[in-house]
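Engineer: Just passing along the structure, written as structure tokens.
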Amino acid sequence: MSDSTSYDLIISGAGMVGASLALAAQQAGLRVAVFEKRSAAACAAADPFDRASLIATGSGRFLASLGIDPALLGSAVERMRVWDGEGSGSIHLDAEEGGADRLGHIVENRRLEQALHAALEGAGLHIHYGREITSAFADSRTMYVVDAAGTESHGTLLAIAEGRQSPLRKALIRAPVFREDYGQDAITATVWIEKAHHHIAYQRFLSTGPLAVLPFSDDADGKARASIVWSAKHARARHLMALDDARFLRELYQAFGPQLGHFQHIGRRGSYPLAALHSSRYVGERSVLLGDTAHGVHPLAGLGVNLGFRDAEQLLTVITAARQRHEDWGEAAVLRRYQSARRPDNLVTVLTCGALSHLFSNRSRGLARLRDLGMLGTGVISPVKRFLIRQAMGL
């Protein structure tokens, strides 16, 4: 086998998390190969649903260290307003109370991914598009992979960041995976709004599921827009998806309220079922999980991708430390340091997001009163509020 197919790190999946790990590893001096099952044209195409995420301040710092500035790609979030649709409780989270000028940025997923891909190309790392890894096996020193074209490559470690339905996770990690069906679908779209959003992210908890209305970049004509993630029970979501645009926007206004005035126009709507996922183990033989392959959370305010960026940053930290100690960073003993650092944080977030969704989707009047008291306490107890703000910022 020629040296051209030998790498320090092989990555399966060139989404936002896999691409960020590749760029960080490349900048750290590792020989990196990235395999992506999508074609180059598919990755370069615009997302018709304009799906977006809140890139928290902590993740923004990681991306900035790679030369990617979220401020140039999306709209800043300076404040967050959360309230209960079944009660009177609410929480206001302001970045300045956490000692910062913003909580993060709302960025289109595809736009950020494309910026990462362009940075990889600029660094001389060419993604293997349309070449999914179809099989992999390891011996005591090396991981071997075979892609869809039948080409074999080998390296020290395989990082798997190919999404929730990862075939490699099933083949290589072989560990129980916790799953929970939320009984909801998430509807995503871009909407044009009557009033400026003033960089405020809104989250309203309804009995049928949470509704997030997030500040989005203006369109080419300077008209204000927002990105919505409307989670609703399956029957309600099917009803909403079947409506024409005008009726959907009326339903959206009734569910959300007058904070942004009337919703004037909507882009293409998309929907997908919601479920939690968490692998009981992140580490296999010369293989490791990160991002949605390791964990999946409810899309409350679009925060889930930040866990993946923390995974990528921590994995590179572990690899770098092992290299400095002249350790084999593909060994399970080394990789368990990454697992120990990331798995508790991810598990708590998965369970917390699920619990919040269940708590606020319950119509019980008693629970509504408890929720109001909890929100009131959070709003008036400064240390608790500062903690939540720091958590929202990913710090």
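Following the order of the structure tokens, first chain is A, next is B, and so on, with residues numbered from 1 inside each chain and ligands from 1 in the order they appear.
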List as a ChimeraX atom specification the protein and nucleic acid residues near Pro215 (chain A), meaning an atom at most 8 Å away when only C-alpha atoms are counted, but skip any in the same chain fewer than 2 places from it.

Structural biologist: /A:75-77,106,197-201,213,217,225-227

Engineer: Can you pull out the residues contacting Ala148 (chain A)? Cut-off 6 Å, using only C-alpha atoms, and skip same-chain residues under 3 positions away; I want them as a PyMOL selection string.

Structural biologist: chain A and resi 131-132+134

Engineer: Now that the selection is made, can you save its residues with C-alpha atoms as a short mmCIF file (atom, residue, chain, number, x, y, z; two decimals), in the first residue's frame?

Structural biologist:
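Generated output (result-v6.cif):
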```
data_model
loop_
_atom_site.label_atom_id
_atom_site.label_comp_id
_atom_site.auth_asym_id
_atom_site.auth_seq_id
_atom_site.Cartn_x
_atom_site.Cartn_y
_atom_site.Cartn_z
CA ARG A 131 -17.05 7.90 -1.38
CA GLU A 132 -18.76 6.56 1.70
CA THR A 134 -18.43 0.85 3.45
#
```

Engineer: From the options A:Asp292, A:Glu331, A:Asp147, A:Glu180, which residue's atoms come nearest to Tyr129 (chain A), counting only C-alpha atoms?

Structural biologist: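 The closest residue to Tyr129 (chain A) is A:Asp147.
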
Engineer: Identify all residues of region 15-195 of chain A in strand (DSSP E) (DSSP on the backbone) and supply them as a ChimeraX atom specification.

Structural biologist: /A:32-36,52-56,74-77,79-84,90-94,104-108,128-129,133-138,143-147,152-160,177-193

Engineer: May I have the residues within 9 Å of region 30-33 of chain A as a ChimeraX atom specification, using only C-alpha atoms and disregarding those fewer than 4 positions away in the same chain?

Structural biologist: /A:5-12,22-23,25-26,125-128,155

Engineer: Keeping only N, CA and C atoms, write the selected residues to a file as a short mmCIF file (atom, residue, chain, number, x, y, z; two decimals), in the first residue's frame.

Structural biologist:
```cif
data_model
loop_
_atom_site.label_atom_id
_atom_site.label_comp_id
_atom_site.auth_asym_id
_atom_site.auth_seq_id
_atom_site.Cartn_x
_atom_site.Cartn_y
_atom_site.Cartn_z
N THR A 5 -2.05 6.68 0.89
CA THR A 5 -3.30 6.24 1.50
C THR A 5 -3.15 6.03 3.01
N SER A 6 -2.04 6.52 3.59
CA SER A 6 -1.80 6.36 5.01
C SER A 6 -2.01 7.69 5.73
N TYR A 7 -2.81 7.66 6.79
CA TYR A 7 -3.19 8.90 7.46
C TYR A 7 -3.07 8.77 8.98
N ASP A 8 -2.98 9.92 9.65
CA ASP A 8 -3.06 9.95 11.11
C ASP A 8 -4.52 9.83 11.57
N LEU A 9 -5.40 10.47 10.82
CA LEU A 9 -6.81 10.52 11.19
C LEU A 9 -7.68 10.40 9.95
N ILE A 10 -8.58 9.44 9.98
CA ILE A 10 -9.57 9.28 8.91
C ILE A 10 -10.92 9.67 9.49
N ILE A 11 -11.66 10.50 8.77
CA ILE A 11 -12.96 10.99 9.25
C ILE A 11 -14.04 10.56 8.28
N SER A 12 -15.09 9.95 8.80
CA SER A 12 -16.25 9.58 7.98
C SER A 12 -17.35 10.59 8.25
N ALA A 22 -11.81 17.94 10.98
CA ALA A 22 -10.79 17.81 9.93
C ALA A 22 -9.93 19.06 9.83
N LEU A 23 -10.57 20.23 9.88
CA LEU A 23 -9.82 21.48 9.76
C LEU A 23 -8.91 21.68 10.96
N ALA A 25 -7.66 19.33 12.92
CA ALA A 25 -6.59 18.34 12.85
C ALA A 25 -5.55 18.70 11.79
N GLN A 26 -6.03 19.19 10.65
CA GLN A 26 -5.11 19.61 9.60
C GLN A 26 -4.22 20.75 10.09
N LEU A 125 -6.55 20.17 1.84
CA LEU A 125 -7.18 18.90 2.19
C LEU A 125 -8.42 18.72 1.33
N HIS A 126 -8.38 17.76 0.44
CA HIS A 126 -9.49 17.55 -0.50
C HIS A 126 -10.41 16.45 0.03
N ILE A 127 -11.67 16.80 0.21
CA ILE A 127 -12.66 15.85 0.70
C ILE A 127 -12.95 14.82 -0.39
N HIS A 128 -13.06 13.56 0.01
CA HIS A 128 -13.42 12.50 -0.92
C HIS A 128 -14.95 12.43 -1.02
N GLY A 155 -5.01 4.15 8.65
CA GLY A 155 -4.58 5.24 9.50
C GLY A 155 -4.57 4.82 10.97
#
```

Engineer: Counting only C-alpha atoms, what are the residues of region 5-79 of chain A within 9 Å of region 269-289 of chain A, and for each of them which pair of atoms is the nearest and at what distance in Å, to one decimal? Sort the table by chain and rising number, as a tab-separated table.

Structural biologist:
```
residue	atom	partner	partner_atom	distance
A:Pro48	CA	A:Arg269	CA	8.4
A:Phe49	CA	A:Gly270	CA	5.9
A:Arg51	CA	A:Gly270	CA	8.8
```

Engineer: Please, what distance in Å, to one decimal, runs between CA of Pro210 (chain A) and CA of Phe309 (chain A)?

Structural biologist: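 CA of Pro210 (chain A) sits 24.1 Å away from CA of Phe309 (chain A).
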